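Some notes on the structure that comes next.
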Amino acid sequence: MDEKFLKPYSPKDVEKNIYQLWEKSGYFTPENLVKDKIIPENAPKFSIVMPPPNVTGVLHMGHALMLTIEDIIVRYKRMQGFKTLWLPGTDHAAIATQSKVEKEISKKEGKSRYDLGREELLKRVNQFAKESHDTIISQTKIMGSSADWSREAFTLDETRNRAVKTIFKKMYDDGLIYRGHRIVNWDPKGQTTISDDEIVYKEEKATWYTFKYGPFEIGTTRPETKFGDKYVVMHPDDQRYAKYKNGDTFELEWINGKTKATVVKDGVMDMETGTGVMTITPWHSAVDFDLAERYGLDKEQIIDKNGRMLPHTGEFAGMKIADARLKIVEKLREKGLLIKEEPYTLNLATAERTGGIIEPQIMNQWFVSVNKEFVLPESKIDGIKSGSKTTLKEIMRKVVSNGQIKIIPDYFEKTYFHWIDNLRDWCISRQIWYGHRIPVWYKDDKVFCDTEAPKEEGPASNNTDKTASGKWLQDEDTLDTWFSSGLWTFSTLGWPEKTKDLEVYHPTDLLETGYEILFFWIARMIMMTGYALGDIPFKTVYLHGTVRDGQGRKMSKSLGNGIDPIDVSEKYGADAGRMSLIYGTAAGTDSKISEDKIRGYKFFCNKLWNIARFVVSSGGIINENSSTNLIEADKIILDDLQKVVVDITKQIDDYRLHLAAENAYQYVWHTFADKIIEEAKPRLKSPDQVTVESTKFMLGKVLVTCLKLLHPFTPFVSEEIWQTMYGGSKGLLMVQKWPAK
RNA sequence: GCGCGUGUAGCUCAGAUGGUUAGAGCGCCACAUUGACAUUGUGGAGGUCCCAGGUUCGAUUCCUGGCACGCGCACCA
């Protein structure tokens with residue numbers, strides 16, 4: 001017997017070597033399985049793209065859960081003989097990455113990005129991204145991920161850039177991407193726009209002020225925006241204001257003296273809220289903007305991009321919003337125009353990445369229209385014919401409602417539809433430098449969109465001299481990071497080239513990710529794939545929950561309650577970490593993890609190790625294809641094992657991985673170890689040779705089957721046992737046939 | 001306001017399409033054990049399956065309503 005078996009299982013000494021063994025085999029690349037005749041050329045494919053981790057830091061438990069679930073499925077499918085591709089990559093994460101680097105530079109050197117300039121900042125960000133990438137990838141390997149590294153992609157590499165530019169141009173030509181003065185979410189801290197989905201609402205105590213505004217009383221939480229207000233809006237059916245007619249005007253005393261206001265009657269008003277009358281500030285409110293657009297009302301900017309009052313606000317010019325608010329309330333109080341102040345709780349809109357307080361602003365930005373009709377030339381979407389007109393919204397809705405894409409757990413489909421119902425045009429331009437630059441050039445009043453810079457007069461893409469005329473200048477902005485992520489399932493396969501990969505592996509079979517990016521990412525992939533290919537990006541979506549600490553709190557740096565998956569692998573082994581993440585974790589539900597739980601699965605790995613030691617030392621190494629005359633007891637054991645195999649197979653097929661893991665765990669420990677082995681001990685000492693041989697064969701058969709069943713869940717220990725048992729003579733456990741028929 | 005989810009043992013959680021005595025891990029109690037097992041085994045205590053109605057021969061499971069907690073979206077004049 002190999003003397004390794006004489007010691008307890010030590011994952012630390014084993015895992016790195018095992019991973020190298022797998023990597024060296026080349027079998028993470030499906031074509032090599034064909035080449036070595038492990039699977040036939042015409043084997044069915046199974047493909048899945050890895051949700052690319054951001055290159056902003058290190059691997060956390062959320063990533064670890066994602067990698068575990070995906071690796072379980074991938075290893076299972078590979079063993080079942082599928083041409084299995086798990087395509088990995090990383091995400092440049094535009095704002096997240098740039099703001100992280102900016103923070104560092106500001107802390108260490110006291111400089112802003114404007115001090116450094118575009119080129120220097122990008123150099124620094126790229127450097128950081130590269131280091132961060134290397135860390136993340138090596139950590140991904142520590143978790144045992146059997147991904148095809150030969151196909152690794154990055155959302156900001158050359159191939160992906162070509163895909164981004166190609167689809168941008170196509171959408172621009174179809175009128176789906178347009179530039180316009182619209183109300184956007186401006187983050188004064190990050191100095192960029194963000195999409196609706198990048199807003200995080202925080203409850204904040206505020207004051208609800210009621211002011212006298214001519215003959216009316218108006219309520220507001222934001223007096224500082226009220227300078228330019230010259231329209232009062234009320235519901236047409238509101239009897240309190242029946243004597244005022246649409247278009248009536250009146251003079252009134254306001255913040256900086258006399259002003260004139262006009263009455264607007266509109267059904268958007270809620271008669272129950274406040275006094276049922278409001279004034280509008282179209283430049284700094286989405287609802288007011290819509291009203292102003294509808295009636296052609298004047299719009300005036302009050303607050304600048306830094307969150308300070310503009311010069312025309314007189315004595316308040318240059319003040320920050322919060323200061324100006326108090327000062328203006330004071331002034332209105334002195335004028336006798338303040339009627340009352342009441343405490344009020346509002347949901348403050350903040351930027352996800354910088355924490356800046358969002359100030360709606362009217363700006364000239366790029367948008368994706370979700371409601372505009374276009375012709376889809378080739379459609380594989382049920383319910384949308386090739387060559388017929390459709391919208392991006394319709395594509396998003398249809399592929400889920402018609403069942404082409406199945407979401408697990410299914411109740412997220414309702415959340416998804418709810419989101420689509422409320423979806424507005426997507427603002428995709430960002431005023432940051434790290435990302436895909438918008439492929440649009442301007443010269444005087446001409447606009448040029450293409451994948452390459454305009455040829456005439458030479459490229460001017462790096463020319464930042466805005467005053468230059470007669471030269472083509474590229475748009476300064478970059479694209480929302482989710483624009484490139486939205487192409488991930490097909491950009492990673494080589495689109496826009498018509499590659500073999502695209503033909504073989506698209507659409508992918510499964511997309512596994514956390515439910516918190518259902519809108520950010522999944523919906524965008526569905527939209528972009530539907531548009532670019534007239535197809536679905538994946539057939540099944542599996543959503544996992546958030547991994548929390550032992551007390552159910554989110555893991556965060558400030559709480560210091562994070563458990564680092566790499567520390568876990570070091571201390572208990574990656575297998576133990578994987579088991580503790582998957583065990584008791586149903587799709588879509590949050591899970592808790594603690595060191596106690598992880599330790600339990602380290603014990604399990606050691607138990608398996610000892611089982612193997614016992615079986616091997618009892619002579620239970622078998623040639624799987626050989627047969628022996630089995631005694632009745634052993635026949636029953638092997639029949640029962642078949643039932644377990646069938647159950648586990650079905651559970652994995654149904655993506656009920658937690659049940660499969662539990663099933664395997666219970667069988668190995670409490671059936672195989674506690675019952676089968678205990679009952680086999682006296683039989684091994686039987687004078688009857690038939691009994692002894694049958695028992696040995698049975699033990700070996702059960703062990704080998706268990707190793708195969710456990711391999712997707714605990715790949716390292718199962719492979720290590722396999723290698724130690726057979727001394728490498730039977731290849732890799734990773735590519736053995738799954739035991740079920 | 002609209003929508004979604006959760007509530008099962010001391011703790012953390014499984015229990016798909018209703019059906020014997022409701023399960024696991026950890027913890028707790030008793031006993032055994034130099035054992036293939038540093039990390040073992042056997043047995044045990046512990047449950048109004050959130051509450052109230054309803055459907056049913058039968059409900060932890062399905063329906064209605066309520067309570068508690070969590071989440072998403074919207075509003076935020």
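Chain identifiers are assigned as A, B, and so on, following the order in which chains appear in the structure tokens; residues are numbered from 1 within each chain, and ligands are numbered from 1 in order of appearance.
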Inset, instruction - Give me the residues within 7 Å of region 711-719 of chain A as a list in words, counting only C-alpha atoms (C1' of nucleotides) and dropping any in the same chain fewer than 3 places off. - result: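 Non-adjacent residues within range: Glu15, Ile18, Asp71, Ile72, Arg75, Tyr76, Asp575, Arg578, Met579, Cys605, Leu707, Lys708, Trp722, Gln723 and Leu733 of chain A.
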Per residue of chain A within 9 Å of chain B, record the nearest atom pair and its distance in Å to one decimal, counting only C-alpha atoms (C1' of nucleotides), with rows in chain order and ascending residue number, as CSV.
```
residue,atom,partner,partner_atom,distance
A:Pro8,CA,B:A38,C1',7.7
A:Ile218,CA,B:A77,C1',7.1
A:Gly219,CA,B:A77,C1',5.8
A:Thr220,CA,B:A77,C1',5.7
A:Thr221,CA,B:C76,C1',8.5
A:Val233,CA,B:A77,C1',8.8
A:Met269,CA,B:A77,C1',8.5
A:Thr273,CA,B:A77,C1',7.9
A:Gly274,CA,B:A77,C1',7.6
A:Thr275,CA,B:A77,C1',8.8
A:Gly276,CA,B:A77,C1',7.8
A:Val277,CA,B:A77,C1',6.7
A:Met278,CA,B:A77,C1',4.3
A:Thr279,CA,B:A77,C1',6.6
A:Ile280,CA,B:A77,C1',7.6
A:Thr345,CA,B:C76,C1',8.6
A:Leu346,CA,B:C76,C1',5.8
A:Asn347,CA,B:C76,C1',6.6
A:Leu348,CA,B:C76,C1',8.4
A:Tyr411,CA,B:C4,C1',7.4
A:Phe412,CA,B:C4,C1',7.7
A:Lys414,CA,B:C4,C1',7.6
A:Thr415,CA,B:C4,C1',6.5
A:His418,CA,B:G3,C1',7.2
A:Trp419,CA,B:C73,C1',6.8
A:Asn422,CA,B:C73,C1',7.8
A:Gly550,CA,B:U12,C1',7.9
A:Gly584,CA,B:C13,C1',5.9
A:Thr585,CA,B:C13,C1',8.3
A:Ala586,CA,B:A14,C1',8.7
A:Thr589,CA,B:G5,C1',8.7
A:Ser591,CA,B:C13,C1',8.8
A:Lys592,CA,B:U12,C1',7.4
A:Ile593,CA,B:U12,C1',8.7
A:Asp596,CA,B:C26,C1',7.4
A:Lys597,CA,B:C26,C1',7.4
A:Gly600,CA,B:G25,C1',8.0
A:Lys602,CA,B:U39,C1',7.9
A:Phe603,CA,B:U39,C1',4.9
A:Phe604,CA,B:U39,C1',8.1
A:Asn606,CA,B:U39,C1',6.8
A:Lys607,CA,B:C37,C1',6.5
A:Trp609,CA,B:C37,C1',8.9
A:Asn610,CA,B:A36,C1',5.4
A:Ile611,CA,B:A36,C1',6.0
A:Ala612,CA,B:A36,C1',8.0
A:Arg613,CA,B:A36,C1',6.1
A:Phe614,CA,B:A36,C1',4.2
A:Val615,CA,B:A36,C1',7.8
A:Ser617,CA,B:A36,C1',8.5
A:His658,CA,B:A14,C1',8.4
A:Leu659,CA,B:A14,C1',7.7
A:Glu662,CA,B:A24,C1',8.1
A:Gln666,CA,B:A24,C1',8.7
A:Asp674,CA,B:G41,C1',8.0
```
Inset, instruction - Assign secondary structure with DSSP using the backbone only, and return the residues of region 393-608 of chain A in alpha helix (DSSP H) as JSON, numbers by chain. - result: {"A": [393, 394, 395, 396, 397, 398, 399, 400, 401, 412, 413, 414, 415, 416, 417, 418, 419, 420, 421, 481, 482, 483, 484, 485, 488, 489, 490, 491, 500, 501, 502, 503, 504, 505, 524, 525, 526, 527, 528, 529, 530, 531, 532, 533, 565, 566, 567, 568, 569, 570, 571, 572, 574, 575, 576, 577, 578, 579, 580, 581, 582, 595, 596, 597, 598, 599, 600, 601, 602, 603, 604, 605, 606, 607, 608]}
Requested write-out: C-alpha atoms of the selected residues, as a compact mmCIF listing (two decimals), in the first residue's frame:
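part_13.txt written:
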```txt
# COMPACT_ATOMS: atom_id res chain seq x y z
CA LYS A 393 -38.02 45.00 -24.67
CA GLU A 394 -40.08 42.50 -26.61
CA ILE A 395 -37.07 40.23 -27.08
CA MET A 396 -36.29 40.34 -23.37
CA ARG A 397 -39.84 39.52 -22.44
CA LYS A 398 -40.49 36.90 -25.07
CA VAL A 399 -37.57 34.54 -24.58
CA VAL A 400 -38.53 34.03 -20.95
CA SER A 401 -42.31 33.99 -21.37
CA PHE A 412 -37.38 35.19 -10.29
CA GLU A 413 -39.18 35.23 -13.62
CA LYS A 414 -41.83 37.45 -12.02
CA THR A 415 -39.18 39.81 -10.71
CA TYR A 416 -37.67 39.86 -14.18
CA PHE A 417 -40.95 40.78 -15.89
CA HIS A 418 -41.63 43.42 -13.27
CA TRP A 419 -38.27 45.00 -14.06
CA ILE A 420 -38.95 44.97 -17.81
CA ASP A 421 -42.29 46.69 -17.27
CA THR A 481 -19.16 48.21 -18.26
CA TRP A 482 -22.37 46.17 -18.65
CA PHE A 483 -22.45 47.05 -22.33
CA SER A 484 -19.44 44.82 -22.96
CA SER A 485 -20.54 42.26 -20.35
CA TRP A 488 -20.08 37.97 -23.02
CA THR A 489 -21.68 34.71 -24.19
CA PHE A 490 -20.85 35.38 -27.83
CA SER A 491 -17.94 37.83 -27.71
CA LYS A 500 -16.12 27.44 -35.21
CA ASP A 501 -16.52 28.10 -31.48
CA LEU A 502 -19.57 30.20 -32.08
CA GLU A 503 -21.07 27.52 -34.24
CA VAL A 504 -20.33 24.70 -31.79
CA TYR A 505 -20.85 26.25 -28.39
CA ARG A 524 -28.57 42.75 -20.88
CA MET A 525 -27.12 39.52 -22.28
CA ILE A 526 -30.58 38.44 -23.36
CA MET A 527 -31.13 41.82 -25.01
CA MET A 528 -27.77 42.03 -26.77
CA THR A 529 -27.77 38.41 -27.95
CA GLY A 530 -31.32 38.70 -29.21
CA TYR A 531 -30.29 41.78 -31.14
CA ALA A 532 -26.93 40.59 -32.50
CA LEU A 533 -27.74 36.95 -33.22
CA PRO A 565 -12.04 31.32 0.60
CA ILE A 566 -8.29 31.16 0.10
CA ASP A 567 -7.66 31.02 3.86
CA VAL A 568 -10.26 28.30 4.03
CA SER A 569 -8.51 26.28 1.33
CA GLU A 570 -5.22 26.71 3.14
CA LYS A 571 -6.62 25.60 6.48
CA TYR A 572 -9.29 23.03 5.60
CA ALA A 574 -10.72 23.60 -1.12
CA ASP A 575 -12.90 20.49 -1.06
CA ALA A 576 -14.12 21.28 2.44
CA GLY A 577 -14.82 24.85 1.38
CA ARG A 578 -16.74 23.67 -1.67
CA MET A 579 -18.84 21.21 0.32
CA SER A 580 -19.69 23.77 2.96
CA LEU A 581 -20.77 26.24 0.29
CA ILE A 582 -23.01 23.82 -1.55
CA GLU A 595 -15.68 27.84 10.27
CA ASP A 596 -17.58 25.19 12.24
CA LYS A 597 -19.44 24.16 9.14
CA ILE A 598 -16.29 24.07 7.02
CA ARG A 599 -14.46 21.97 9.61
CA GLY A 600 -17.22 19.39 9.36
CA TYR A 601 -16.44 18.80 5.71
CA LYS A 602 -12.73 18.59 6.33
CA PHE A 603 -13.65 15.70 8.59
CA PHE A 604 -15.69 14.26 5.77
CA CYS A 605 -12.74 14.38 3.37
CA ASN A 606 -10.61 12.63 5.93
CA LYS A 607 -13.33 10.05 6.49
CA LEU A 608 -13.31 9.31 2.77
```
Inset, instruction - Would you mind reading off the distance between CA of Gly435 (chain A) and CA of Leu479 (chain A), one decimal, in Å? - result: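 Between these atoms lies a distance of 6.3 Å.
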Inset, instruction - Tell me which protein, DNA and RNA residues are within 12 Å of C29 (chain B), counting only C-alpha atoms (C1' of nucleotides), leaving out same-chain ones fewer than 6 positions away, and put them as an MDAnalysis selection string. - result: chainID B and resid 43:46
Residues from the last selection, all heavy atoms, saved as a short mmCIF file (atom, residue, chain, number, x, y, z; two decimals), in the first residue's frame:
```
data_model
loop_
_atom_site.label_atom_id
_atom_site.label_comp_id
_atom_site.auth_asym_id
_atom_site.auth_seq_id
_atom_site.Cartn_x
_atom_site.Cartn_y
_atom_site.Cartn_z
P G B 43 -28.00 3.32 16.54
OP1 G B 43 -29.02 2.40 15.98
OP2 G B 43 -27.54 4.48 15.76
"O5'" G B 43 -28.49 3.85 17.95
"C5'" G B 43 -29.19 2.97 18.83
"C4'" G B 43 -29.28 3.57 20.21
"O4'" G B 43 -27.98 4.01 20.65
"C3'" G B 43 -30.13 4.83 20.35
"O3'" G B 43 -31.51 4.57 20.33
"C2'" G B 43 -29.64 5.33 21.71
"O2'" G B 43 -30.17 4.55 22.77
"C1'" G B 43 -28.14 5.07 21.59
N9 G B 43 -27.45 6.28 21.12
C8 G B 43 -26.92 6.52 19.88
N7 G B 43 -26.37 7.71 19.79
C5 G B 43 -26.58 8.29 21.05
C6 G B 43 -26.22 9.56 21.55
O6 G B 43 -25.62 10.48 20.99
N1 G B 43 -26.63 9.73 22.87
C2 G B 43 -27.28 8.78 23.62
N2 G B 43 -27.59 9.12 24.87
N3 G B 43 -27.62 7.60 23.15
C4 G B 43 -27.24 7.42 21.87
P G B 44 -32.51 5.68 19.84
OP1 G B 44 -33.87 5.08 19.84
OP2 G B 44 -31.98 6.28 18.60
"O5'" G B 44 -32.42 6.76 20.98
"C5'" G B 44 -32.88 6.45 22.30
"C4'" G B 44 -32.55 7.57 23.25
"O4'" G B 44 -31.15 7.91 23.17
"C3'" G B 44 -33.23 8.91 22.96
"O3'" G B 44 -34.57 8.90 23.41
"C2'" G B 44 -32.36 9.87 23.75
"O2'" G B 44 -32.65 9.82 25.14
"C1'" G B 44 -30.96 9.28 23.51
N9 G B 44 -30.24 9.98 22.43
C8 G B 44 -29.96 9.50 21.18
N7 G B 44 -29.27 10.35 20.45
C5 G B 44 -29.08 11.45 21.28
C6 G B 44 -28.41 12.68 21.05
O6 G B 44 -27.82 13.05 20.03
N1 G B 44 -28.47 13.51 22.16
C2 G B 44 -29.09 13.20 23.35
N2 G B 44 -29.04 14.13 24.31
N3 G B 44 -29.72 12.05 23.58
C4 G B 44 -29.67 11.24 22.51
P A B 45 -35.66 9.84 22.75
OP1 A B 45 -37.00 9.32 23.11
OP2 A B 45 -35.31 10.05 21.33
"O5'" A B 45 -35.42 11.20 23.53
"C5'" A B 45 -35.60 11.26 24.95
"C4'" A B 45 -35.07 12.57 25.46
"O4'" A B 45 -33.66 12.67 25.12
"C3'" A B 45 -35.69 13.80 24.81
"O3'" A B 45 -36.88 14.16 25.47
"C2'" A B 45 -34.60 14.85 24.99
"O2'" A B 45 -34.60 15.40 26.29
"C1'" A B 45 -33.33 14.00 24.81
N9 A B 45 -32.81 14.05 23.42
C8 A B 45 -32.96 13.13 22.43
N7 A B 45 -32.35 13.42 21.31
C5 A B 45 -31.75 14.64 21.59
C6 A B 45 -30.95 15.51 20.82
N6 A B 45 -30.59 15.26 19.55
N1 A B 45 -30.52 16.65 21.39
C2 A B 45 -30.87 16.91 22.67
N3 A B 45 -31.63 16.17 23.51
C4 A B 45 -32.03 15.05 22.89
P G B 46 -38.17 14.52 24.61
OP1 G B 46 -39.25 14.84 25.57
OP2 G B 46 -38.38 13.49 23.58
"O5'" G B 46 -37.71 15.87 23.91
"C5'" G B 46 -37.48 17.06 24.67
"C4'" G B 46 -36.79 18.08 23.82
"O4'" G B 46 -35.53 17.53 23.35
"C3'" G B 46 -37.53 18.43 22.53
"O3'" G B 46 -38.51 19.42 22.78
"C2'" G B 46 -36.40 18.95 21.65
"O2'" G B 46 -36.05 20.29 21.96
"C1'" G B 46 -35.24 18.03 22.05
N9 G B 46 -35.11 16.88 21.14
C8 G B 46 -35.76 15.67 21.22
N7 G B 46 -35.44 14.85 20.25
C5 G B 46 -34.54 15.57 19.48
C6 G B 46 -33.84 15.20 18.30
O6 G B 46 -33.89 14.13 17.68
N1 G B 46 -33.01 16.22 17.85
C2 G B 46 -32.87 17.44 18.47
N2 G B 46 -32.03 18.30 17.89
N3 G B 46 -33.50 17.81 19.57
C4 G B 46 -34.31 16.82 20.03
#
```
Legend entry - B:C50, B:A30, B:C57, B:A9 ranked by distance to C69 (chain B), top pick (using only C-alpha atoms (C1' of nucleotides)):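 Going through B:C50, B:A30, B:C57, B:A9 one by one, the smallest distance to C69 (chain B) is for B:C50.
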Inset, instruction - Return as number ranges by chain the full set of residues in region 502-546 of chain A whose backbone-based DSSP assignment is strand (DSSP E or B). - result: A: 508-514, 538-544
Legend entry - 7 Å contact set for Tyr515 (chain A), only C-alpha atoms (C1' of nucleotides), chain neighbours under 3 positions out, as a list in words: Leu518, Leu543, His544, Gly545 and Gly588 of chain A
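Shell of Leu709 (chain A) at 8 Å, with only C-alpha atoms (C1' of nucleotides) counted and residues fewer than 2 places along the chain excluded, is Val645, Ile648, Ala664, Thr705, Cys706, Leu707, His711, Pro712, Trp738 and Pro739 of chain A.
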Can you write just those residues out, N, CA, C and O atoms, as an mmCIF file, in the first residue's frame?
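out.cif written:
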```cif
data_model
loop_
_atom_site.group_PDB
_atom_site.id
_atom_site.type_symbol
_atom_site.label_atom_id
_atom_site.label_comp_id
_atom_site.auth_asym_id
_atom_site.auth_seq_id
_atom_site.Cartn_x
_atom_site.Cartn_y
_atom_site.Cartn_z
ATOM 1 N N VAL A 645 -26.967 6.112 -7.066
ATOM 2 C CA VAL A 645 -26.413 6.720 -8.277
ATOM 3 C C VAL A 645 -27.522 7.386 -9.096
ATOM 4 O O VAL A 645 -27.385 8.528 -9.541
ATOM 5 N N ILE A 648 -28.756 10.605 -7.294
ATOM 6 C CA ILE A 648 -27.813 11.728 -7.357
ATOM 7 C C ILE A 648 -27.775 12.300 -8.776
ATOM 8 O O ILE A 648 -27.768 13.511 -8.974
ATOM 9 N N ALA A 664 -24.856 12.112 -1.251
ATOM 10 C CA ALA A 664 -23.533 11.475 -1.363
ATOM 11 C C ALA A 664 -22.862 11.412 0.011
ATOM 12 O O ALA A 664 -22.277 10.396 0.401
ATOM 13 N N THR A 705 -17.161 3.804 -7.142
ATOM 14 C CA THR A 705 -18.386 4.525 -7.496
ATOM 15 C C THR A 705 -18.526 5.787 -6.659
ATOM 16 O O THR A 705 -18.886 6.854 -7.172
ATOM 17 N N CYS A 706 -18.236 5.660 -5.376
ATOM 18 C CA CYS A 706 -18.323 6.845 -4.513
ATOM 19 C C CYS A 706 -17.343 7.926 -4.960
ATOM 20 O O CYS A 706 -17.662 9.122 -4.925
ATOM 21 N N LEU A 707 -16.149 7.527 -5.340
ATOM 22 C CA LEU A 707 -15.166 8.512 -5.788
ATOM 23 C C LEU A 707 -15.694 9.271 -7.003
ATOM 24 O O LEU A 707 -15.547 10.486 -7.112
ATOM 25 N N HIS A 711 -16.600 13.157 -7.086
ATOM 26 C CA HIS A 711 -15.603 13.963 -7.805
ATOM 27 C C HIS A 711 -16.062 15.393 -8.122
ATOM 28 O O HIS A 711 -15.326 16.338 -7.874
ATOM 29 N N PRO A 712 -17.262 15.593 -8.641
ATOM 30 C CA PRO A 712 -17.661 16.977 -8.907
ATOM 31 C C PRO A 712 -17.682 17.849 -7.646
ATOM 32 O O PRO A 712 -17.422 19.050 -7.720
ATOM 33 N N TRP A 738 -19.038 8.755 -15.834
ATOM 34 C CA TRP A 738 -20.007 8.859 -14.728
ATOM 35 C C TRP A 738 -20.701 7.512 -14.576
ATOM 36 O O TRP A 738 -21.054 6.884 -15.587
ATOM 37 N N PRO A 739 -20.919 7.041 -13.334
ATOM 38 C CA PRO A 739 -21.403 5.662 -13.143
ATOM 39 C C PRO A 739 -22.788 5.344 -13.719
ATOM 40 O O PRO A 739 -23.032 4.210 -14.085
#
```
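Here CA of Arg424 (chain A) and CA of Asn371 (chain A) stand 8.4 Å from one another.
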Legend entry - One-decimal distance in Å that lies between CA of Gly552 (chain A) and CA of Leu710 (chain A):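 CA of Leu710 (chain A) sits 28.4 Å away from CA of Gly552 (chain A).
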